[in-house]
Structures are given as structure tokens and as C-alpha cells.
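> This is input_18.txt, which holds compact mmCIF, C-alpha atoms:
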```txt
# COMPACT_ATOMS: atom_id res chain seq x y z
CA MET F 1 25.37 18.98 -6.44
CA LEU F 2 27.96 16.29 -7.09
CA PHE F 3 27.25 15.97 -10.81
CA ASP F 4 25.53 18.89 -12.48
CA PHE F 5 25.84 19.32 -16.23
CA HIS F 6 24.11 20.13 -19.49
CA ILE F 7 26.27 19.32 -22.49
CA ARG F 8 25.46 20.23 -26.09
CA LYS F 9 27.77 19.35 -28.96
CA VAL F 10 27.33 18.88 -32.72
CA LEU F 11 29.88 16.65 -34.44
CA ARG F 12 29.91 16.72 -38.22
CA ALA F 13 31.32 14.17 -40.66
CA ALA F 14 31.05 13.48 -44.37
CA ASP F 15 28.09 11.16 -43.85
CA GLY F 16 26.09 13.47 -41.56
CA GLU F 17 26.13 14.87 -38.05
CA PHE F 18 25.69 13.65 -34.50
CA ARG F 19 23.99 15.84 -31.90
CA LEU F 20 24.85 15.37 -28.23
CA ASP F 21 22.38 16.90 -25.78
CA VAL F 22 22.83 15.40 -22.32
CA SER F 23 21.91 16.70 -18.89
CA LEU F 24 22.25 15.37 -15.35
CA HIS F 25 21.64 16.96 -11.95
CA THR F 26 22.22 14.68 -8.97
CA ASP F 27 23.79 14.39 -5.53
CA CYS F 28 24.25 10.63 -5.89
CA ARG F 29 27.82 9.47 -5.36
CA ARG F 30 27.56 6.74 -7.99
CA VAL F 31 26.20 7.52 -11.45
CA VAL F 32 25.89 4.97 -14.26
CA VAL F 33 25.46 6.27 -17.83
CA LEU F 34 23.79 3.49 -19.77
CA GLY F 35 23.24 3.17 -23.51
CA ASP F 36 23.94 1.18 -26.64
CA SER F 37 27.03 1.63 -28.78
CA GLY F 38 26.91 5.03 -30.46
CA ALA F 39 24.54 6.56 -27.89
CA GLY F 40 27.06 9.25 -26.91
CA LYS F 41 28.34 7.80 -23.64
CA SER F 42 32.06 8.23 -24.33
CA LEU F 43 31.51 11.71 -25.76
CA THR F 44 29.72 12.69 -22.54
CA LEU F 45 32.57 11.36 -20.40
CA LYS F 46 35.19 13.11 -22.54
CA ALA F 47 33.30 16.41 -22.22
CA VAL F 48 33.24 16.10 -18.42
CA ALA F 49 36.97 15.25 -18.42
CA GLY F 50 37.85 18.22 -20.65
CA LEU F 51 38.85 16.12 -23.66
CA LEU F 52 35.91 17.40 -25.73
CA ARG F 53 34.73 21.02 -25.66
CA PRO F 54 30.93 21.40 -25.74
CA ASP F 55 29.35 23.98 -28.02
CA SER F 56 27.22 25.22 -25.13
CA GLY F 57 26.11 24.34 -21.61
CA PHE F 58 27.94 23.85 -18.33
CA ILE F 59 29.70 21.16 -16.29
CA ARG F 60 30.02 21.23 -12.50
CA VAL F 61 31.44 18.44 -10.35
CA ALA F 62 31.36 18.50 -6.55
CA GLY F 63 30.45 22.19 -6.58
CA THR F 64 33.31 23.28 -8.86
CA SER F 65 32.59 24.79 -12.27
CA LEU F 66 34.71 22.98 -14.86
CA PHE F 67 33.04 24.39 -17.96
CA ASP F 68 30.52 27.14 -18.52
CA ARG F 69 30.30 28.50 -22.04
CA ALA F 70 28.24 31.54 -21.04
CA ALA F 71 30.64 32.48 -18.21
CA GLY F 72 33.79 31.76 -20.21
CA VAL F 73 34.96 28.93 -17.94
CA ASP F 74 36.86 26.02 -19.52
CA LEU F 75 39.39 24.35 -17.22
CA ALA F 76 42.14 22.27 -18.79
CA PRO F 77 41.87 18.49 -18.18
CA GLN F 78 44.68 18.54 -15.61
CA ALA F 79 43.06 21.40 -13.71
CA ARG F 80 39.75 19.53 -13.38
CA ALA F 81 41.28 17.10 -10.87
CA LEU F 82 39.34 14.13 -12.23
CA GLY F 83 40.57 10.54 -12.39
CA TYR F 84 39.92 9.02 -15.84
CA VAL F 85 40.21 5.33 -16.75
CA PHE F 86 40.05 4.75 -20.50
CA GLN F 87 38.45 1.64 -21.95
CA ASP F 88 41.85 0.38 -23.16
CA TYR F 89 43.48 1.61 -19.89
CA ALA F 90 46.03 3.77 -21.83
CA LEU F 91 49.00 2.68 -19.73
CA PHE F 92 52.46 3.78 -20.79
CA PRO F 93 54.13 0.60 -22.14
CA HIS F 94 57.67 1.85 -21.38
CA LEU F 95 56.89 2.57 -17.71
CA THR F 96 56.57 0.02 -14.92
CA VAL F 97 53.38 -0.46 -12.92
CA ARG F 98 54.85 1.73 -10.15
CA GLN F 99 55.86 4.45 -12.64
CA ASN F 100 52.45 4.39 -14.33
CA ILE F 101 50.65 4.85 -11.01
CA GLY F 102 52.99 7.61 -9.91
CA PHE F 103 52.83 9.51 -13.20
CA PRO F 104 50.02 11.94 -12.14
CA LEU F 105 52.08 12.96 -9.10
CA HIS F 106 55.16 13.79 -11.15
CA LYS F 107 55.55 17.29 -12.55
CA GLY F 108 58.06 18.26 -15.19
CA LEU F 109 59.45 16.85 -18.41
CA PHE F 110 60.75 13.54 -17.09
CA ASN F 111 58.95 10.34 -16.15
CA PRO F 112 59.10 9.06 -12.55
CA ARG F 113 62.34 7.18 -11.91
CA ARG F 114 62.07 3.42 -11.89
CA GLY F 115 61.99 2.01 -8.36
CA ARG F 116 61.36 5.39 -6.74
CA ARG F 117 59.20 4.88 -3.65
CA CYS F 118 56.21 7.09 -2.86
CA GLU F 119 53.78 6.63 0.03
CA ALA F 120 50.69 7.38 -2.09
CA VAL F 121 51.77 4.95 -4.80
CA ASP F 122 52.56 2.25 -2.24
CA TYR F 123 49.12 2.75 -0.70
CA TRP F 124 47.30 2.03 -3.97
CA LEU F 125 49.64 -0.81 -4.91
CA ASP F 126 48.62 -2.47 -1.66
CA ALA F 127 44.94 -1.49 -1.86
CA LEU F 128 44.60 -3.03 -5.32
CA GLN F 129 46.81 -6.00 -4.46
CA ILE F 130 49.37 -5.39 -7.21
CA GLY F 131 52.40 -4.61 -5.07
CA HIS F 132 54.17 -7.73 -6.34
CA LEU F 133 53.87 -6.35 -9.88
CA ALA F 134 55.35 -2.92 -9.11
CA GLU F 135 58.43 -3.36 -11.32
CA HIS F 136 56.64 -5.17 -14.15
CA TYR F 137 55.70 -3.50 -17.42
CA PRO F 138 52.10 -3.43 -18.78
CA GLY F 139 52.97 -5.99 -21.44
CA GLN F 140 54.00 -8.45 -18.72
CA ILE F 141 50.74 -8.45 -16.74
CA SER F 142 47.18 -9.67 -17.33
CA GLY F 143 44.15 -7.63 -18.41
CA GLY F 144 42.73 -7.55 -14.90
CA GLN F 145 46.08 -6.42 -13.50
CA ARG F 146 46.33 -3.68 -16.13
CA GLN F 147 42.86 -2.51 -15.14
CA ARG F 148 43.87 -2.35 -11.48
CA THR F 149 46.96 -0.37 -12.45
CA ALA F 150 44.85 2.11 -14.43
CA VAL F 151 42.41 2.51 -11.53
CA ALA F 152 45.30 3.08 -9.10
CA ARG F 153 46.77 5.72 -11.42
CA ALA F 154 43.38 7.47 -11.57
CA LEU F 155 42.98 7.46 -7.77
CA VAL F 156 46.51 8.26 -6.61
CA ALA F 157 46.04 12.04 -6.75
CA ARG F 158 42.75 11.85 -4.80
CA PRO F 159 40.53 13.25 -7.59
CA ARG F 160 37.23 15.02 -6.95
CA ALA F 161 35.56 12.22 -9.00
CA LEU F 162 36.47 9.02 -10.86
CA LEU F 163 35.40 8.63 -14.50
CA LEU F 164 35.31 5.10 -15.94
CA ASP F 165 34.82 4.26 -19.63
CA GLU F 166 33.46 0.69 -20.01
CA PRO F 167 35.99 -0.52 -17.41
CA PHE F 168 35.04 -4.20 -17.45
CA ALA F 169 34.27 -4.72 -21.16
CA ALA F 170 37.51 -6.57 -21.95
CA LEU F 171 37.39 -8.91 -18.93
CA ASP F 172 35.82 -12.33 -18.49
CA GLN F 173 32.62 -12.64 -16.46
CA GLY F 174 34.17 -13.97 -13.27
CA LEU F 175 36.85 -11.28 -13.17
CA ARG F 176 34.24 -8.60 -13.84
CA ARG F 177 32.29 -9.60 -10.72
CA SER F 178 35.33 -9.61 -8.43
CA LEU F 179 36.66 -6.28 -9.73
CA ARG F 180 33.25 -4.62 -9.39
CA LEU F 181 33.20 -5.55 -5.71
CA GLU F 182 36.80 -4.42 -5.26
CA LEU F 183 36.12 -1.06 -6.91
CA LEU F 184 33.01 -0.47 -4.79
CA ARG F 185 35.03 -1.14 -1.63
CA LEU F 186 37.81 1.23 -2.67
CA LEU F 187 35.41 4.04 -3.58
CA ASP F 188 33.61 3.70 -0.25
CA VAL F 189 36.91 3.86 1.64
CA ALA F 190 38.24 6.80 -0.39
CA GLY F 191 34.91 8.66 -0.50
CA ILE F 192 35.35 9.47 -4.20
CA PRO F 193 32.24 9.92 -6.42
CA LEU F 194 31.94 7.77 -9.55
CA LEU F 195 30.70 8.45 -13.09
CA LEU F 196 30.72 5.18 -15.04
CA ILE F 197 29.60 4.58 -18.63
CA THR F 198 28.53 1.13 -19.80
CA HIS F 199 26.14 -0.86 -21.94
CA ASP F 200 26.18 -3.74 -19.41
CA ARG F 201 23.09 -4.07 -17.21
CA GLU F 202 25.15 -5.92 -14.61
CA ASP F 203 27.23 -2.77 -14.10
CA GLU F 204 23.97 -0.86 -13.59
CA ALA F 205 22.79 -3.37 -10.98
CA ALA F 206 26.16 -3.49 -9.18
CA PHE F 207 26.82 0.23 -8.88
CA GLY F 208 23.28 1.48 -8.45
CA GLY F 209 22.95 5.14 -7.54
CA GLN F 210 21.65 7.35 -10.35
CA VAL F 211 21.16 5.84 -13.80
CA LEU F 212 21.25 8.12 -16.83
CA HIS F 213 19.96 6.50 -20.02
CA LEU F 214 21.24 7.79 -23.36
CA SER F 215 19.86 7.14 -26.83
CA GLN F 216 21.18 8.70 -30.03
CA GLY F 217 22.98 11.43 -28.11
CA ARG F 218 20.11 12.43 -25.87
CA SER F 219 19.13 11.87 -22.26
CA VAL F 220 16.16 9.54 -22.42
CA ASP F 221 15.52 9.69 -18.68
CA SER F 222 17.44 9.86 -15.45
CA GLY F 223 16.53 6.87 -13.32
CA ALA F 224 15.58 7.36 -9.70
CA PRO F 225 18.36 6.55 -7.22
CA PHE F 226 18.29 3.06 -5.80
CA ALA F 227 20.45 1.10 -3.42
CA ALA F 228 23.00 -1.27 -4.91
CA PRO F 229 22.61 -4.86 -3.71
```
Hey, can you dump this file as C-alpha cells for me?


Amino acid sequence: MLFDFHIRKVLRAADGEFRLDVSLHTDCRRVVVLGDSGAGKSLTLKAVAGLLRPDSGFIRVAGTSLFDRAAGVDLAPQARALGYVFQDYALFPHLTVRQNIGFPLHKGLFNPRRGRRCEAVDYWLDALQIGHLAEHYPGQISGGQRQRTAVARALVARPRALLLDEPFAALDQGLRRSLRLELLRLLDVAGIPLLLITHDREDEAAFGGQVLHLSQGRSVDSGAPFAAP
């Protein structure tokens, strides 16, 4: 299966505890996790990415076991080969657009050199139509351009899946529509599965596939696959 997981986690705080108990088993290439604020969507995505360790359960993506508490499997985030786009994009402010995109390809203690050309980086600069911004810094570009940079950085290493955390929440309505279409086109061309979390029903309608509804940390139901319009 493409996405196969059962995640259990108890988070405790001074004012109580939150119990996450989420499961999904699907071969759909596009999965939308839908729920209100506080439903556990971001926690689920972080667990899949390796940024949150479940108390029990398992996580498999595209046939690879990323976490299995019973079997003692817990791959580091980098070893999971997943592209992750944070809600705030998490770009490095001191690196250019080109350097940000190339960062996942660079191993070692130093950042990619400014102006250094790389075929994979050039490909995504062109695909996302931000080549003219390659030597700009994140603070010099718009919100939509920062989002495209973050998506390019997530895709440059050809991940086994792309994880998106409320990717359009900070954008105006018109830009949301155009970037949804652009992202769908890129994913189809690259053949990369998608796990997207949102509270926006328009995201659900645009991306289709499997819909997993969360409420108070639990899977309410897993919607039947349907074709995106």
C-alpha cells in the first residue's frame, strides 16, 4: 500500500492530555487529511515524517516500513526520504532561493554555495516558474513565491511521498486556486504520492483521492476514493 499506518500517541500537559489514534490504509496517490483546528492533523503528519515518535503502531509509505514499535523500526527523518512542506514554509532566510532548493542535495557541514548550478535544482526552478528569483532571498519574494520555493525544495530529492501542512492557508483565494492546479500538474508529472492536511473543503475537492477525517485526535472515517474534478 502507498499509505499504511496506525499511529497512537498520548501528549500530556498541565491542563490535561491529548490522545492521537489515527489509522489509514490506502493505495490512493492523493490523500487529504481533513479536520478542524486541534483535530490532530499536524501531529499525524509529523509522526509520518519522523518528527514525532508514536507510543505504538506502525507507519509504512510506498511499501517501506518507516516506523514499527513492535519490530523496533524507527527511521530518522532524513532516512525516510519524504518531502515535507511546513505551513510557514521554514525557508532559510540567509540562503537564496537556489540555495534553499538545493539544500537537501548537499551533504556536510556547509550550506550550498551561492550561484552554484545543479541540474536538479534548475529543473524545479523552471517547473515552478521561479528561475528569475534564483538569487533572491526569502525576505525579498512574495508568499506565493516562497511556497513554490518550499515545494521545490521538498521535491528536488525525488521523495517517496510529499507531505504538505496547510500549504495554502496563508495565500489569497485566487492564488490558492492557481497553485493547487500547478501542484497537481507537478505531482502527476513526477509521479509522487501526496499526503496533505487541511481544514479547507476546497483543498478536499481539488485533490480528491482518499479523504481521512479527524476529530479530537481520532479517525472519524476514511472517505471512499473519488476522482478530482

> So which one's closest to Leu163 of chain F, F:Gly209, F:Gly143, F:Gly50, F:Gly102? Using all atoms listed in the file, please.

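Answer, going by the shortest atom-to-atom distance: F:Gly50.
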
> With a cut-off of 9 Å, could you pull out the residues of segment 25-110 of chain F touching segment 125-128 of chain F and give me the nearest pair of atoms for each, distance in Å to one decimal, using only C-alpha atoms, ordered by chain and ascending number, as CSV?


```
residue,atom,partner,partner_atom,distance
F:Val97,CA,F:Leu125,CA,8.8
F:Arg98,CA,F:Leu125,CA,7.8
F:Ile101,CA,F:Leu125,CA,8.4
```

> What separation in Å, quoted to one decimal, exists between atom CA of Arg180 of chain F and atom CA of Leu95 of chain F?

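Separation between atom CA of Arg180 of chain F and atom CA of Leu95 of chain F: 26.1 Å.
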
> Ranking F:Tyr137, F:Tyr89, F:Phe168, F:Tyr84 by minimum distance to Leu155 of chain F and counting only C-alpha atoms, which one comes first?

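Once distances to Leu155 of chain F are computed over only C-alpha atoms, the minimum belongs to F:Tyr84.
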
> Would you mind telling me which residue in F:Trp124, F:Phe92, F:Phe3, F:Phe103 lies nearest to Arg30 of chain F when using all atoms listed in the file?

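With all atoms listed in the file as the atom set, the closest residue is F:Phe3.
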
> Taking only C-alpha atoms into account, which of F:Leu66, F:Leu20, F:Ala190, F:Ala71 comes nearest Ala152 of chain F?

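Looking at the shortest contact to Ala152 of chain F, the residue is F:Ala190.
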
> Of the candidates F:Arg53, F:Leu91, F:Ala206, F:Met1, which one gets nearest to Ala76 of chain F if we count all atoms listed in the file?

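The answer is F:Arg53, which sits nearest to Ala76 of chain F.
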
> Would you mind listing what lies within 8 Å of segment 9-16 of chain F as an mmCIF file with C-alpha atoms, keeping the file's coordinate frame, with only C-alpha atoms counted and same-chain residues fewer than 3 positions away left out?


```
data_model
loop_
_atom_site.group_PDB
_atom_site.id
_atom_site.type_symbol
_atom_site.label_atom_id
_atom_site.label_comp_id
_atom_site.auth_asym_id
_atom_site.auth_seq_id
_atom_site.Cartn_x
_atom_site.Cartn_y
_atom_site.Cartn_z
ATOM 1 C CA ARG F 19 23.990 15.840 -31.900
ATOM 2 C CA LEU F 20 24.850 15.370 -28.230
ATOM 3 C CA ASP F 21 22.380 16.900 -25.780
ATOM 4 C CA ARG F 53 34.730 21.020 -25.660
ATOM 5 C CA PRO F 54 30.930 21.400 -25.740
ATOM 6 C CA ASP F 55 29.350 23.980 -28.020
ATOM 7 C CA SER F 56 27.220 25.220 -25.130
#
```

> Compile the contact shell of Thr64 of chain F as a list in words: residues with an atom at most 10 Å away, counting all atoms listed in the file, same-chain residues fewer than 4 positions apart removed.

Met1, Leu2, Phe3, Asp4, Ile59, Arg60, Arg80 and Arg160 of chain F

> Of the residues F:Val61, F:Leu45, F:Ala205, F:Ala70, which is the one nearest to Pro159 of chain F, using all atoms listed in the file?

F:Val61

> Would you mind listing what lies within 12 Å of Ile192 of chain F as a ChimeraX atom specification, with only C-alpha atoms counted and same-chain residues fewer than 6 positions away left out?

/F:2,28-31,61-62,81-83,154-163,183-186

> Would you mind reading off the distance between atom CA of His25 of chain F and atom CA of Leu212 of chain F, one decimal, in Å?

10.1 Å

> Determine, counting all atoms listed in the file, which protein, DNA and RNA residues have an atom within 10 Å of an atom of Ser37 of chain F; residues of the same chain fewer than 2 positions away are not included. Present the result as a PyMOL selection string.

chain F and resi 34-35+39-42+198-199+215-216

> Using only C-alpha atoms, please write the residues we just selected to a file, as a tab-separated table (two decimals), in the frame of the given file.


```
chain	number	residue	atom	x	y	z
F	34	LEU	CA	23.79	3.49	-19.77
F	35	GLY	CA	23.24	3.17	-23.51
F	39	ALA	CA	24.54	6.56	-27.89
F	40	GLY	CA	27.06	9.25	-26.91
F	41	LYS	CA	28.34	7.80	-23.64
F	42	SER	CA	32.06	8.23	-24.33
F	198	THR	CA	28.53	1.13	-19.80
F	199	HIS	CA	26.14	-0.86	-21.94
F	215	SER	CA	19.86	7.14	-26.83
F	216	GLN	CA	21.18	8.70	-30.03
```

> For atom CA of His213 of chain F and atom CA of Asp165 of chain F, determine how far apart the two atoms are, in Å to one decimal place.

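Going from atom CA of His213 of chain F over to atom CA of Asp165 of chain F, I get 15.0 Å.
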
> Could you list, as a list in words, every residue within 7 Å of Arg69 of chain F, counting only C-alpha atoms and ignoring same-chain residues fewer than 2 positions away?

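The neighbour list is Ser56, Gly57, Phe58, Phe67, Ala71, Gly72 and Val73 of chain F.
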
> Give the centre and edge lengths of an axis-aligned box, in Å to one decimal, that holds all listed atoms of segment 120-128 of chain F with 4 Å on each side, as JSON.


```
{"center_x": 48.6, "center_y": 2.2, "center_z": -3.0, "size_x": 16.0, "size_y": 18.4, "size_z": 12.6}
```

> Would you mind writing segment 117-143 of chain F with N, CA, C and O atoms, as a compact mmCIF listing (two decimals), keeping the file's coordinate frame?


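Saved file part_23.txt follows:
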```txt
# COMPACT_ATOMS: atom_id res chain seq x y z
N ARG F 117 60.28 5.17 -4.56
CA ARG F 117 59.20 4.88 -3.65
C ARG F 117 58.41 6.15 -3.32
O ARG F 117 58.98 7.23 -3.20
N CYS F 118 57.10 5.98 -3.19
CA CYS F 118 56.21 7.09 -2.86
C CYS F 118 55.08 6.51 -2.01
O CYS F 118 54.49 5.48 -2.36
N GLU F 119 54.78 7.16 -0.90
CA GLU F 119 53.78 6.63 0.03
C GLU F 119 52.42 6.48 -0.64
O GLU F 119 51.74 5.46 -0.44
N ALA F 120 52.00 7.46 -1.44
CA ALA F 120 50.69 7.38 -2.09
C ALA F 120 50.64 6.24 -3.09
O ALA F 120 49.63 5.52 -3.19
N VAL F 121 51.72 6.05 -3.83
CA VAL F 121 51.77 4.95 -4.80
C VAL F 121 51.76 3.61 -4.08
O VAL F 121 51.03 2.68 -4.47
N ASP F 122 52.53 3.50 -3.01
CA ASP F 122 52.56 2.25 -2.24
C ASP F 122 51.18 1.92 -1.67
O ASP F 122 50.78 0.75 -1.62
N TYR F 123 50.46 2.97 -1.25
CA TYR F 123 49.12 2.75 -0.70
C TYR F 123 48.22 2.08 -1.73
O TYR F 123 47.53 1.09 -1.41
N TRP F 124 48.20 2.59 -2.96
CA TRP F 124 47.30 2.03 -3.97
C TRP F 124 47.80 0.71 -4.53
O TRP F 124 47.01 -0.14 -4.94
N LEU F 125 49.11 0.51 -4.55
CA LEU F 125 49.64 -0.81 -4.91
C LEU F 125 49.11 -1.86 -3.95
O LEU F 125 48.67 -2.95 -4.36
N ASP F 126 49.12 -1.54 -2.67
CA ASP F 126 48.62 -2.47 -1.66
C ASP F 126 47.09 -2.59 -1.72
O ASP F 126 46.55 -3.70 -1.64
N ALA F 127 46.40 -1.46 -1.86
CA ALA F 127 44.94 -1.49 -1.86
C ALA F 127 44.38 -2.32 -3.01
O ALA F 127 43.35 -2.98 -2.86
N LEU F 128 45.07 -2.29 -4.15
CA LEU F 128 44.60 -3.03 -5.32
C LEU F 128 45.34 -4.35 -5.50
O LEU F 128 45.19 -5.01 -6.53
N GLN F 129 46.15 -4.70 -4.51
CA GLN F 129 46.81 -6.00 -4.46
C GLN F 129 47.69 -6.26 -5.69
O GLN F 129 47.68 -7.35 -6.27
N ILE F 130 48.46 -5.24 -6.08
CA ILE F 130 49.37 -5.39 -7.21
C ILE F 130 50.79 -4.99 -6.82
O ILE F 130 51.63 -4.73 -7.69
N GLY F 131 51.07 -4.98 -5.53
CA GLY F 131 52.40 -4.61 -5.07
C GLY F 131 53.50 -5.50 -5.63
O GLY F 131 54.60 -5.04 -5.92
N HIS F 132 53.17 -6.79 -5.82
CA HIS F 132 54.17 -7.73 -6.34
C HIS F 132 54.46 -7.50 -7.82
O HIS F 132 55.41 -8.08 -8.37
N LEU F 133 53.68 -6.64 -8.46
CA LEU F 133 53.87 -6.35 -9.88
C LEU F 133 54.49 -4.98 -10.11
O LEU F 133 54.58 -4.51 -11.25
N ALA F 134 54.93 -4.33 -9.04
CA ALA F 134 55.35 -2.92 -9.11
C ALA F 134 56.41 -2.66 -10.17
O ALA F 134 56.40 -1.62 -10.82
N GLU F 135 57.34 -3.59 -10.37
CA GLU F 135 58.43 -3.36 -11.32
C GLU F 135 58.20 -4.06 -12.65
O GLU F 135 59.09 -4.11 -13.50
N HIS F 136 56.99 -4.58 -12.86
CA HIS F 136 56.64 -5.17 -14.15
C HIS F 136 56.17 -4.07 -15.11
O HIS F 136 55.72 -3.00 -14.68
N TYR F 137 56.21 -4.39 -16.40
CA TYR F 137 55.70 -3.50 -17.42
C TYR F 137 54.30 -3.96 -17.84
O TYR F 137 53.95 -5.14 -17.67
N PRO F 138 53.47 -3.05 -18.40
CA PRO F 138 52.10 -3.43 -18.78
C PRO F 138 52.02 -4.66 -19.67
O PRO F 138 51.08 -5.47 -19.55
N GLY F 139 52.99 -4.83 -20.56
CA GLY F 139 52.97 -5.99 -21.44
C GLY F 139 53.25 -7.31 -20.74
O GLY F 139 53.07 -8.38 -21.34
N GLN F 140 53.66 -7.25 -19.48
CA GLN F 140 54.00 -8.45 -18.72
C GLN F 140 52.91 -8.87 -17.75
O GLN F 140 53.09 -9.86 -17.04
N ILE F 141 51.79 -8.14 -17.71
CA ILE F 141 50.74 -8.45 -16.74
C ILE F 141 49.42 -8.71 -17.46
O ILE F 141 49.26 -8.39 -18.64
N SER F 142 48.46 -9.27 -16.74
CA SER F 142 47.18 -9.67 -17.33
C SER F 142 46.25 -8.46 -17.51
O SER F 142 46.51 -7.36 -17.00
N GLY F 143 45.13 -8.69 -18.20
CA GLY F 143 44.15 -7.63 -18.41
C GLY F 143 43.58 -7.10 -17.12
O GLY F 143 43.43 -5.88 -16.94
```
